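Take a look at the structure below.
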Amino acid sequence: TFWTLYGHLSHDSLDGQRDAAQRAAEEGLELCTDDHAPATRLGLQNTLAKLALEQGDVQRARELFADNLQRANDAGLLAETARAHIQLGLAALQASDYGAAESHYEAGRQLAADIGEHRYLGACLQHLGVLAERRRDYGNAIRCYQQAVSSWKKVGHRSYLAWVGLDLAKLYLDLGAVGRATAMLGLAEKLADAEPPVATRINRELLRGRLAQANCRYVDAAQHFRRAEELAASVQGQRDRVSRAKLALAALALERQDSAEAARHIAEVMETGTSGALRVRALLLHATVELRGRPEVARPALVETLELAAELEDDEASWEAHYHLAMLARREGREAECRRRLLDAAQIEARVREGVPKDLREAVAEQPLRVALRAA
């Protein structure tokens with residue numbers, strides 16, 4: 001039945017049943033009348049909007065979620081109103097519309113707190129953490145994740161705690177705190193269900209791979225990344241996670257000095273038309289490959305990175321692009337441009353590092369590219 005499928009979809013575990021869920025939801029919506037409870041239509045439209053979002057139809061998803069927000073407001077369904085804000089925030093985030101995402105998450109957070117709906121409060125806080133992380137506001141991201149943990153402890157839902165644990169582990173790893181990331185991943189694995197949703201399994205494999213890479217266990221790392229790619233490719237709606245796995249394999253190949261393999265993975269990602277944060281990552285890796293042999297190709301990729309990073313408020317990508325352009329200018333004898341770019345990179349990097357919690361700044365400062373920037 002539709003409601004069985006919908007219940008699974010709410011926990012992101014439909015996997016191969018998404019087509020059946022879409023047919024059932026569309027049929028249910030045709031049969032839905034004003035005599036039905038408002039929550040019935042909201043559930044149907046929520047399912048169709050989620051599926052549209054997974055298929056990349058962000059505009060359709062936003063329209064359906066916005067209609068749900070209006071209907072929930074009109075019916076005085078406060079918890080459904082909070083949920084609609086969360087879903088609109090997710091759709092805005094996928095469209096890289098960070099301002100709208102923040103507005104919806106904050107509205108949902110305030111409403112969920114007012115009515116004591118800790119499940120939706122935790123979701124808003126976690127997504128605000130993701131948004132802060134995208135903006136490289138690392139201290140705020142950690143605070144949001146920790147507040148989400150506090151909220152979800154009141155619900156007692158272990159899988160929610162496992163999910164935010166994976167987010168924290170990834171963030172710690174991004175900041176160079178390998179020990180903390182390892183411990184947080186271990187905790188998340190203990191909290192996870194025996195058969196967690198596919199998205200959780202993919203994220204877990206990606207983290208395992210990155211931790212293996214950080215410990216120079218390259219064969220293990222590649223196995224985890226390939227497993228993540230296979231998992232993501234096996235179900236509908238996981239295109240972004242397929243791209244993340246391919247970019248992880250590209251970064252690993254670069255570390256192992258295999259530029260050809262790295263270029264192959266990056267090209268596969270670029271061909272999918274990926275956008276936003278993933279495109280920034282792909283462009284930086286593409287430029288890194290080309291700097292080793294075709295600097296004339298690297299420059300346009302770095303310039304595009306700077307433009308897109310400014311649009312996405314991604315200062316981390318900005319300083320990295322400035323640094324690489326500086327080294328390219330130095331190689332080509334343009335020392336004035338080199339000095340200007342290095343100054344820009346140093347100023348932006350310092351601003352990013354200022355937002356890192358004090359107890360993590362030392363680990364961040366020792367990351368290889370930051371060391372290279374100081375040496376330049």
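Residues are referred to by chain and number: the chain letter is A, B, ... according to the order shown in the structure tokens, the number counts from 1 in that chain, and ligands are numbered separately from 1 in the order shown.
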Who sits within 9 Å of A:Ala66, only C-alpha atoms, same chain under 5 positions skipped, as a ChimeraX atom specification: /A:61,71,84-85,88
Near-A:Ala79 list (12 Å; only C-alpha atoms; drop same-chain fewer than 4 positions) as a VMD selection string: chain A and resid 39 42 68 to 69 72 to 73 75 83 to 86 107 to 121
Within 8 Å of stretch 229-245 of chain A using only C-alpha atoms, minus same-chain residues under 2 positions, as a PyMOL selection string: chain A and resi 15-16+18+51+54-55+198-199+201-202+206+225-227+247-249+269+274+278
I need the residues from that last selection saved to file as a PDB file, in the first residue's frame (with N, CA and C atoms), if you can.
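The file below, result21.pdb, is the result:
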```pdb
ATOM      1  N   ASP A  15      14.902   2.298  -1.187  1.00  0.00           N
ATOM      2  CA  ASP A  15      15.833   1.692  -2.123  1.00  0.00           C
ATOM      3  C   ASP A  15      15.126   1.432  -3.464  1.00  0.00           C
ATOM      4  N   GLY A  16      14.895   0.193  -3.839  1.00  0.00           N
ATOM      5  CA  GLY A  16      14.346  -0.109  -5.158  1.00  0.00           C
ATOM      6  C   GLY A  16      12.856   0.093  -5.291  1.00  0.00           C
ATOM      7  N   ARG A  18      11.139   2.957  -5.070  1.00  0.00           N
ATOM      8  CA  ARG A  18      10.756   4.354  -5.285  1.00  0.00           C
ATOM      9  C   ARG A  18       9.752   4.513  -6.430  1.00  0.00           C
ATOM     10  N   LEU A  51      10.713  12.584  -3.930  1.00  0.00           N
ATOM     11  CA  LEU A  51      11.134  11.864  -5.127  1.00  0.00           C
ATOM     12  C   LEU A  51      11.603  12.822  -6.212  1.00  0.00           C
ATOM     13  N   GLU A  54      15.092  13.903  -5.335  1.00  0.00           N
ATOM     14  CA  GLU A  54      16.073  12.866  -5.631  1.00  0.00           C
ATOM     15  C   GLU A  54      16.372  12.792  -7.123  1.00  0.00           C
ATOM     16  N   GLN A  55      15.367  13.081  -7.956  1.00  0.00           N
ATOM     17  CA  GLN A  55      15.535  13.005  -9.399  1.00  0.00           C
ATOM     18  C   GLN A  55      16.119  14.285  -9.994  1.00  0.00           C
ATOM     19  N   VAL A 198      20.286   3.230   3.034  1.00  0.00           N
ATOM     20  CA  VAL A 198      21.397   3.173   2.085  1.00  0.00           C
ATOM     21  C   VAL A 198      22.276   4.421   2.171  1.00  0.00           C
ATOM     22  N   ALA A 199      21.668   5.597   2.380  1.00  0.00           N
ATOM     23  CA  ALA A 199      22.469   6.825   2.461  1.00  0.00           C
ATOM     24  C   ALA A 199      23.444   6.765   3.622  1.00  0.00           C
ATOM     25  N   ARG A 201      24.728   3.992   4.881  1.00  0.00           N
ATOM     26  CA  ARG A 201      25.775   3.022   4.539  1.00  0.00           C
ATOM     27  C   ARG A 201      26.793   3.635   3.584  1.00  0.00           C
ATOM     28  N   ILE A 202      26.320   4.451   2.651  1.00  0.00           N
ATOM     29  CA  ILE A 202      27.246   5.108   1.714  1.00  0.00           C
ATOM     30  C   ILE A 202      28.168   6.063   2.463  1.00  0.00           C
ATOM     31  N   LEU A 206      32.309   5.981   2.839  1.00  0.00           N
ATOM     32  CA  LEU A 206      33.166   7.105   2.452  1.00  0.00           C
ATOM     33  C   LEU A 206      34.072   7.522   3.613  1.00  0.00           C
ATOM     34  N   PHE A 225      35.864   3.226  -0.952  1.00  0.00           N
ATOM     35  CA  PHE A 225      35.311   4.195  -1.898  1.00  0.00           C
ATOM     36  C   PHE A 225      34.534   3.495  -3.011  1.00  0.00           C
ATOM     37  N   ARG A 226      35.077   2.373  -3.508  1.00  0.00           N
ATOM     38  CA  ARG A 226      34.372   1.636  -4.572  1.00  0.00           C
ATOM     39  C   ARG A 226      33.071   1.035  -4.044  1.00  0.00           C
ATOM     40  N   ARG A 227      33.096   0.563  -2.792  1.00  0.00           N
ATOM     41  CA  ARG A 227      31.873   0.026  -2.209  1.00  0.00           C
ATOM     42  C   ARG A 227      30.820   1.126  -2.086  1.00  0.00           C
ATOM     43  N   LEU A 247      34.910  11.339  -6.631  1.00  0.00           N
ATOM     44  CA  LEU A 247      35.884  12.380  -6.274  1.00  0.00           C
ATOM     45  C   LEU A 247      36.825  11.892  -5.176  1.00  0.00           C
ATOM     46  N   ALA A 248      36.321  11.052  -4.276  1.00  0.00           N
ATOM     47  CA  ALA A 248      37.199  10.457  -3.262  1.00  0.00           C
ATOM     48  C   ALA A 248      38.239   9.558  -3.923  1.00  0.00           C
ATOM     49  N   LEU A 249      37.817   8.782  -4.923  1.00  0.00           N
ATOM     50  CA  LEU A 249      38.757   7.940  -5.660  1.00  0.00           C
ATOM     51  C   LEU A 249      39.768   8.800  -6.429  1.00  0.00           C
ATOM     52  N   VAL A 269      32.570  12.690 -13.200  1.00  0.00           N
ATOM     53  CA  VAL A 269      31.742  13.562 -12.365  1.00  0.00           C
ATOM     54  C   VAL A 269      31.305  14.801 -13.142  1.00  0.00           C
ATOM     55  N   THR A 274      27.131  17.982 -12.468  1.00  0.00           N
ATOM     56  CA  THR A 274      27.035  18.296 -11.046  1.00  0.00           C
ATOM     57  C   THR A 274      27.229  19.788 -10.808  1.00  0.00           C
ATOM     58  N   LEU A 278      29.798  20.244  -4.950  1.00  0.00           N
ATOM     59  CA  LEU A 278      30.486  19.141  -5.617  1.00  0.00           C
ATOM     60  C   LEU A 278      31.251  19.625  -6.844  1.00  0.00           C
TER      61      LEU A 278
END
```
Close residues, A:Leu325 itself excluded, 9 Å, only C-alpha atoms, min 3 positions apart in chain, as a ChimeraX atom specification: /A:298-299,302-303,320-322,328-330,337-338,341-342
Between atom CA of A:Gly276 and atom CA of A:Glu307 - distance in Å to one decimal: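 One can read the atom CA of A:Glu307 to atom CA of A:Gly276 distance as 11.4 Å.
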Best match for closeness to A:Glu189 among A:Ala148, A:Ala169, A:Ala92, A:Ala177, counting only C-alpha atoms: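 Of A:Ala148, A:Ala169, A:Ala92, A:Ala177, the one nearest A:Glu189, counting only C-alpha atoms, is A:Ala169.
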Spatial neighbours of A:Tyr172, 12 Å, only C-alpha atoms, chain gap at least 3 places, as an mmCIF file with N, CA, C and O atoms, in the first residue's frame:
```
data_model
loop_
_atom_site.group_PDB
_atom_site.id
_atom_site.type_symbol
_atom_site.label_atom_id
_atom_site.label_comp_id
_atom_site.auth_asym_id
_atom_site.auth_seq_id
_atom_site.Cartn_x
_atom_site.Cartn_y
_atom_site.Cartn_z
ATOM 1 N N GLU A 133 28.691 24.255 7.781
ATOM 2 C CA GLU A 133 29.882 23.568 7.259
ATOM 3 C C GLU A 133 30.138 23.954 5.815
ATOM 4 O O GLU A 133 31.280 24.174 5.410
ATOM 5 N N TYR A 138 33.079 26.525 10.790
ATOM 6 C CA TYR A 138 33.242 25.222 11.421
ATOM 7 C C TYR A 138 32.803 25.199 12.886
ATOM 8 O O TYR A 138 32.200 24.227 13.344
ATOM 9 N N GLY A 139 33.114 26.253 13.624
ATOM 10 C CA GLY A 139 32.722 26.285 15.021
ATOM 11 C C GLY A 139 31.211 26.236 15.188
ATOM 12 O O GLY A 139 30.684 25.498 16.032
ATOM 13 N N ALA A 141 29.116 25.016 13.007
ATOM 14 C CA ALA A 141 28.665 23.704 12.548
ATOM 15 C C ALA A 141 28.745 22.682 13.682
ATOM 16 O O ALA A 141 27.799 21.921 13.914
ATOM 17 N N ILE A 142 29.857 22.680 14.400
ATOM 18 C CA ILE A 142 30.012 21.732 15.506
ATOM 19 C C ILE A 142 28.978 21.997 16.584
ATOM 20 O O ILE A 142 28.359 21.063 17.129
ATOM 21 N N TYR A 145 25.606 20.638 15.428
ATOM 22 C CA TYR A 145 25.560 19.176 15.495
ATOM 23 C C TYR A 145 25.418 18.707 16.942
ATOM 24 O O TYR A 145 24.657 17.779 17.231
ATOM 25 N N GLY A 165 26.218 11.681 14.085
ATOM 26 C CA GLY A 165 27.567 11.233 14.422
ATOM 27 C C GLY A 165 28.448 11.126 13.191
ATOM 28 O O GLY A 165 29.636 11.481 13.225
ATOM 29 N N LEU A 166 27.877 10.659 12.090
ATOM 30 C CA LEU A 166 28.632 10.601 10.834
ATOM 31 C C LEU A 166 28.988 11.999 10.345
ATOM 32 O O LEU A 166 30.088 12.233 9.829
ATOM 33 N N ASP A 167 28.047 12.930 10.488
ATOM 34 C CA ASP A 167 28.332 14.315 10.091
ATOM 35 C C ASP A 167 29.488 14.891 10.911
ATOM 36 O O ASP A 167 30.380 15.567 10.379
ATOM 37 N N LEU A 168 29.460 14.647 12.219
ATOM 38 C CA LEU A 168 30.541 15.143 13.082
ATOM 39 C C LEU A 168 31.863 14.482 12.726
ATOM 40 O O LEU A 168 32.919 15.141 12.690
ATOM 41 N N ALA A 169 31.842 13.190 12.476
ATOM 42 C CA ALA A 169 33.076 12.481 12.117
ATOM 43 C C ALA A 169 33.681 13.055 10.841
ATOM 44 O O ALA A 169 34.899 13.273 10.755
ATOM 45 N N LEU A 175 38.884 18.681 9.283
ATOM 46 C CA LEU A 175 39.733 19.599 10.052
ATOM 47 C C LEU A 175 41.048 18.954 10.482
ATOM 48 O O LEU A 175 41.816 19.558 11.225
ATOM 49 N N GLY A 176 41.299 17.728 10.042
ATOM 50 C CA GLY A 176 42.569 17.076 10.339
ATOM 51 C C GLY A 176 42.626 16.364 11.677
ATOM 52 O O GLY A 176 43.680 15.865 12.064
ATOM 53 N N ALA A 177 41.501 16.300 12.382
ATOM 54 C CA ALA A 177 41.464 15.634 13.692
ATOM 55 C C ALA A 177 41.111 14.159 13.483
ATOM 56 O O ALA A 177 39.975 13.729 13.728
ATOM 57 N N VAL A 178 42.084 13.381 13.050
ATOM 58 C CA VAL A 178 41.851 11.996 12.669
ATOM 59 C C VAL A 178 41.386 11.160 13.865
ATOM 60 O O VAL A 178 40.483 10.328 13.747
ATOM 61 N N GLY A 179 41.994 11.379 15.031
ATOM 62 C CA GLY A 179 41.610 10.621 16.222
ATOM 63 C C GLY A 179 40.161 10.845 16.604
ATOM 64 O O GLY A 179 39.424 9.890 16.896
ATOM 65 N N ARG A 180 39.733 12.103 16.596
ATOM 66 C CA ARG A 180 38.340 12.415 16.934
ATOM 67 C C ARG A 180 37.384 11.836 15.895
ATOM 68 O O ARG A 180 36.306 11.341 16.236
ATOM 69 N N ALA A 181 37.775 11.920 14.645
ATOM 70 C CA ALA A 181 36.925 11.382 13.587
ATOM 71 C C ALA A 181 36.760 9.872 13.743
ATOM 72 O O ALA A 181 35.654 9.335 13.589
ATOM 73 N N THR A 182 37.851 9.193 14.066
ATOM 74 C CA THR A 182 37.797 7.743 14.246
ATOM 75 C C THR A 182 36.875 7.372 15.405
ATOM 76 O O THR A 182 36.049 6.457 15.293
ATOM 77 N N ALA A 183 37.004 8.091 16.514
ATOM 78 C CA ALA A 183 36.174 7.813 17.686
ATOM 79 C C ALA A 183 34.699 8.091 17.395
ATOM 80 O O ALA A 183 33.820 7.301 17.781
ATOM 81 N N MET A 184 34.417 9.182 16.681
ATOM 82 C CA MET A 184 33.031 9.528 16.386
ATOM 83 C C MET A 184 32.413 8.528 15.410
ATOM 84 O O MET A 184 31.239 8.158 15.536
ATOM 85 N N LEU A 185 33.188 8.072 14.440
ATOM 86 C CA LEU A 185 32.689 7.054 13.518
ATOM 87 C C LEU A 185 32.367 5.767 14.275
ATOM 88 O O LEU A 185 31.335 5.126 14.030
ATOM 89 N N LEU A 207 33.515 7.550 4.816
ATOM 90 C CA LEU A 207 34.326 7.909 5.986
ATOM 91 C C LEU A 207 35.376 6.855 6.277
ATOM 92 O O LEU A 207 36.540 7.179 6.581
ATOM 93 N N ARG A 210 38.175 7.405 3.830
ATOM 94 C CA ARG A 210 39.009 8.578 4.106
ATOM 95 C C ARG A 210 39.911 8.357 5.316
ATOM 96 O O ARG A 210 41.052 8.818 5.350
ATOM 97 N N LEU A 211 39.393 7.648 6.318
ATOM 98 C CA LEU A 211 40.231 7.348 7.484
ATOM 99 C C LEU A 211 41.346 6.385 7.100
ATOM 100 O O LEU A 211 42.494 6.536 7.565
ATOM 101 N N VAL A 356 37.528 28.133 13.340
ATOM 102 C CA VAL A 356 37.730 26.771 13.842
ATOM 103 C C VAL A 356 37.859 26.825 15.366
ATOM 104 O O VAL A 356 38.539 27.702 15.899
ATOM 105 N N PRO A 357 37.214 25.912 16.097
ATOM 106 C CA PRO A 357 37.401 25.883 17.556
ATOM 107 C C PRO A 357 38.879 25.837 17.928
ATOM 108 O O PRO A 357 39.670 25.171 17.258
ATOM 109 N N ASP A 359 40.649 24.347 20.079
ATOM 110 C CA ASP A 359 41.309 23.068 20.335
ATOM 111 C C ASP A 359 41.552 22.265 19.061
ATOM 112 O O ASP A 359 42.218 21.219 19.107
ATOM 113 N N LEU A 360 41.062 22.746 17.913
ATOM 114 C CA LEU A 360 41.291 22.058 16.648
ATOM 115 C C LEU A 360 42.186 22.841 15.692
ATOM 116 O O LEU A 360 42.544 22.346 14.628
ATOM 117 N N ARG A 361 42.556 24.044 16.069
ATOM 118 C CA ARG A 361 43.317 24.897 15.141
ATOM 119 C C ARG A 361 44.704 24.348 14.838
ATOM 120 O O ARG A 361 45.213 24.507 13.722
ATOM 121 N N ALA A 363 45.591 21.197 14.579
ATOM 122 C CA ALA A 363 45.458 20.140 13.575
ATOM 123 C C ALA A 363 45.195 20.736 12.197
ATOM 124 O O ALA A 363 45.761 20.286 11.192
ATOM 125 N N VAL A 364 44.370 21.773 12.144
ATOM 126 C CA VAL A 364 44.071 22.427 10.868
ATOM 127 C C VAL A 364 45.331 23.051 10.280
ATOM 128 O O VAL A 364 45.607 22.927 9.080
#
```
Set the distance at 10 Å and use only C-alpha atoms: which residues neighbour stretch 97-100 of chain A once local chain neighbours fewer than 3 positions away are removed? I'd like the list as an mmCIF file with all heavy atoms, in the first residue's frame.
```cif
data_model
loop_
_atom_site.group_PDB
_atom_site.id
_atom_site.type_symbol
_atom_site.label_atom_id
_atom_site.label_comp_id
_atom_site.auth_asym_id
_atom_site.auth_seq_id
_atom_site.Cartn_x
_atom_site.Cartn_y
_atom_site.Cartn_z
ATOM 1 N N LEU A 88 11.663 22.388 2.690
ATOM 2 C CA LEU A 88 11.987 23.532 1.831
ATOM 3 C C LEU A 88 13.444 23.927 1.993
ATOM 4 O O LEU A 88 14.100 24.350 1.035
ATOM 5 C CB LEU A 88 11.063 24.708 2.152
ATOM 6 C CG LEU A 88 9.686 24.658 1.490
ATOM 7 C CD1 LEU A 88 8.727 25.623 2.166
ATOM 8 C CD2 LEU A 88 9.787 24.968 -0.004
ATOM 9 N N GLY A 89 13.961 23.808 3.217
ATOM 10 C CA GLY A 89 15.373 24.082 3.442
ATOM 11 C C GLY A 89 16.259 23.105 2.688
ATOM 12 O O GLY A 89 17.263 23.497 2.084
ATOM 13 N N LEU A 90 15.890 21.825 2.699
ATOM 14 C CA LEU A 90 16.665 20.820 1.964
ATOM 15 C C LEU A 90 16.673 21.115 0.468
ATOM 16 O O LEU A 90 17.712 21.021 -0.192
ATOM 17 C CB LEU A 90 16.069 19.433 2.210
ATOM 18 C CG LEU A 90 16.362 18.775 3.556
ATOM 19 C CD1 LEU A 90 15.494 17.535 3.742
ATOM 20 C CD2 LEU A 90 17.832 18.401 3.658
ATOM 21 N N ALA A 91 15.506 21.468 -0.066
ATOM 22 C CA ALA A 91 15.427 21.777 -1.490
ATOM 23 C C ALA A 91 16.258 23.015 -1.834
ATOM 24 O O ALA A 91 16.940 23.059 -2.857
ATOM 25 C CB ALA A 91 13.969 21.989 -1.891
ATOM 26 N N ALA A 92 16.204 24.022 -0.970
ATOM 27 C CA ALA A 92 17.002 25.232 -1.202
ATOM 28 C C ALA A 92 18.494 24.924 -1.126
ATOM 29 O O ALA A 92 19.285 25.450 -1.916
ATOM 30 C CB ALA A 92 16.631 26.301 -0.166
ATOM 31 N N LEU A 93 18.871 24.059 -0.196
ATOM 32 C CA LEU A 93 20.287 23.687 -0.066
ATOM 33 C C LEU A 93 20.759 22.966 -1.322
ATOM 34 O O LEU A 93 21.861 23.216 -1.813
ATOM 35 C CB LEU A 93 20.483 22.802 1.160
ATOM 36 C CG LEU A 93 21.937 22.517 1.571
ATOM 37 C CD1 LEU A 93 22.644 23.798 1.992
ATOM 38 C CD2 LEU A 93 21.975 21.504 2.707
ATOM 39 N N GLN A 94 19.915 22.082 -1.860
ATOM 40 C CA GLN A 94 20.295 21.370 -3.074
ATOM 41 C C GLN A 94 20.436 22.331 -4.250
ATOM 42 O O GLN A 94 21.232 22.092 -5.158
ATOM 43 C CB GLN A 94 19.265 20.292 -3.406
ATOM 44 C CG GLN A 94 19.688 19.390 -4.551
ATOM 45 C CD GLN A 94 18.940 18.072 -4.559
ATOM 46 O OE1 GLN A 94 18.652 17.497 -3.522
ATOM 47 N NE2 GLN A 94 18.611 17.574 -5.742
ATOM 48 N N SER A 103 16.814 30.484 6.171
ATOM 49 C CA SER A 103 15.545 31.065 6.610
ATOM 50 C C SER A 103 14.546 29.971 6.997
ATOM 51 O O SER A 103 13.880 30.058 8.039
ATOM 52 C CB SER A 103 14.972 31.934 5.488
ATOM 53 O OG SER A 103 13.712 32.451 5.852
ATOM 54 N N HIS A 104 14.447 28.931 6.169
ATOM 55 C CA HIS A 104 13.500 27.847 6.460
ATOM 56 C C HIS A 104 13.949 27.029 7.670
ATOM 57 O O HIS A 104 13.125 26.672 8.522
ATOM 58 C CB HIS A 104 13.325 26.956 5.238
ATOM 59 C CG HIS A 104 12.450 27.553 4.180
ATOM 60 N ND1 HIS A 104 11.122 27.853 4.403
ATOM 61 C CD2 HIS A 104 12.721 27.927 2.895
ATOM 62 C CE1 HIS A 104 10.602 28.368 3.298
ATOM 63 N NE2 HIS A 104 11.544 28.430 2.375
ATOM 64 N N TYR A 105 15.226 26.735 7.757
ATOM 65 C CA TYR A 105 15.702 25.957 8.909
ATOM 66 C C TYR A 105 15.473 26.711 10.215
ATOM 67 O O TYR A 105 15.085 26.131 11.228
ATOM 68 C CB TYR A 105 17.188 25.633 8.767
ATOM 69 C CG TYR A 105 17.521 24.643 7.674
ATOM 70 C CD1 TYR A 105 18.735 24.726 6.977
ATOM 71 C CD2 TYR A 105 16.639 23.614 7.329
ATOM 72 C CE1 TYR A 105 19.055 23.821 5.981
ATOM 73 C CE2 TYR A 105 16.956 22.717 6.323
ATOM 74 C CZ TYR A 105 18.161 22.818 5.650
ATOM 75 O OH TYR A 105 18.482 21.924 4.670
ATOM 76 N N GLU A 106 15.725 28.011 10.198
ATOM 77 C CA GLU A 106 15.538 28.799 11.414
ATOM 78 C C GLU A 106 14.053 28.875 11.788
ATOM 79 O O GLU A 106 13.694 28.793 12.967
ATOM 80 C CB GLU A 106 16.115 30.202 11.231
ATOM 81 C CG GLU A 106 17.635 30.267 11.291
ATOM 82 C CD GLU A 106 18.185 29.996 12.690
ATOM 83 O OE1 GLU A 106 17.400 29.822 13.649
ATOM 84 O OE2 GLU A 106 19.419 29.943 12.833
ATOM 85 N N LEU A 131 24.697 23.428 6.731
ATOM 86 C CA LEU A 131 24.802 24.725 6.063
ATOM 87 C C LEU A 131 26.016 25.498 6.555
ATOM 88 O O LEU A 131 26.760 26.086 5.754
ATOM 89 C CB LEU A 131 23.521 25.528 6.298
ATOM 90 C CG LEU A 131 23.450 26.913 5.658
ATOM 91 C CD1 LEU A 131 23.626 26.827 4.150
ATOM 92 C CD2 LEU A 131 22.119 27.582 6.002
ATOM 93 N N ALA A 132 26.234 25.506 7.880
ATOM 94 C CA ALA A 132 27.403 26.199 8.430
ATOM 95 C C ALA A 132 28.691 25.572 7.913
ATOM 96 O O ALA A 132 29.666 26.272 7.605
ATOM 97 C CB ALA A 132 27.362 26.149 9.956
ATOM 98 N N ARG A 134 29.064 24.041 5.016
ATOM 99 C CA ARG A 134 29.221 24.466 3.617
ATOM 100 C C ARG A 134 29.827 25.870 3.545
ATOM 101 O O ARG A 134 30.606 26.176 2.635
ATOM 102 C CB ARG A 134 27.860 24.479 2.924
ATOM 103 C CG ARG A 134 27.245 23.114 2.692
ATOM 104 C CD ARG A 134 27.673 22.518 1.375
ATOM 105 N NE ARG A 134 26.938 21.290 1.101
ATOM 106 C CZ ARG A 134 25.845 21.234 0.351
ATOM 107 N NH1 ARG A 134 25.359 22.336 -0.201
ATOM 108 N NH2 ARG A 134 25.238 20.077 0.130
ATOM 109 N N ARG A 135 29.445 26.712 4.511
ATOM 110 C CA ARG A 135 29.953 28.084 4.535
ATOM 111 C C ARG A 135 31.304 28.182 5.248
ATOM 112 O O ARG A 135 31.820 29.270 5.439
ATOM 113 C CB ARG A 135 28.934 28.982 5.245
ATOM 114 C CG ARG A 135 27.684 29.259 4.432
ATOM 115 C CD ARG A 135 26.613 29.920 5.272
ATOM 116 N NE ARG A 135 25.631 30.636 4.456
ATOM 117 C CZ ARG A 135 24.484 31.115 4.910
ATOM 118 N NH1 ARG A 135 24.152 30.944 6.191
ATOM 119 N NH2 ARG A 135 23.655 31.765 4.109
ATOM 120 N N GLY A 276 27.113 23.250 -7.665
ATOM 121 C CA GLY A 276 27.298 23.621 -6.272
ATOM 122 C C GLY A 276 28.602 23.144 -5.679
ATOM 123 O O GLY A 276 29.664 23.175 -6.322
ATOM 124 N N GLU A 311 30.175 32.677 -4.941
ATOM 125 C CA GLU A 311 28.719 32.532 -4.959
ATOM 126 C C GLU A 311 28.232 31.642 -3.817
ATOM 127 O O GLU A 311 27.174 31.890 -3.226
ATOM 128 C CB GLU A 311 28.299 31.934 -6.302
ATOM 129 C CG GLU A 311 26.817 31.717 -6.477
ATOM 130 C CD GLU A 311 26.493 31.055 -7.795
ATOM 131 O OE1 GLU A 311 27.238 31.269 -8.775
ATOM 132 O OE2 GLU A 311 25.496 30.303 -7.852
ATOM 133 N N LEU A 312 29.024 30.615 -3.488
ATOM 134 C CA LEU A 312 28.631 29.640 -2.469
ATOM 135 C C LEU A 312 29.186 29.959 -1.079
ATOM 136 O O LEU A 312 29.021 29.164 -0.155
ATOM 137 C CB LEU A 312 29.102 28.241 -2.887
ATOM 138 C CG LEU A 312 28.522 27.691 -4.178
ATOM 139 C CD1 LEU A 312 29.145 26.340 -4.506
ATOM 140 C CD2 LEU A 312 27.008 27.564 -4.083
ATOM 141 N N GLU A 313 29.857 31.094 -0.941
ATOM 142 C CA GLU A 313 30.432 31.504 0.345
ATOM 143 C C GLU A 313 31.439 30.471 0.858
ATOM 144 O O GLU A 313 31.547 30.226 2.058
ATOM 145 C CB GLU A 313 29.332 31.727 1.390
ATOM 146 C CG GLU A 313 28.245 32.703 0.962
ATOM 147 C CD GLU A 313 27.076 32.748 1.936
ATOM 148 O OE1 GLU A 313 27.308 33.018 3.135
ATOM 149 O OE2 GLU A 313 25.942 32.508 1.502
#
```
Helix (DSSP H, G or I) per DSSP on the backbone: members of stretch 189-261 of chain A, as a PyMOL selection string: chain A and resi 189-191+198-214+218-233+239-255+259-261
Gap from atom CA of A:Asn215 to atom CA of A:Arg351 - Å, one decimal: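 So the answer is 28.6 Å.
Between atom CA of A:Pro300 and atom CA of A:Ala253 lies a distance of 22.4 Å.
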Given only C-alpha atoms as the counted atoms, nearest of A:Gln223, A:Arg292, A:Gln146, A:Arg334 to A:Gln257: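 Checking each of A:Gln223, A:Arg292, A:Gln146, A:Arg334 against A:Gln257, counting only C-alpha atoms, the winner is A:Arg292.
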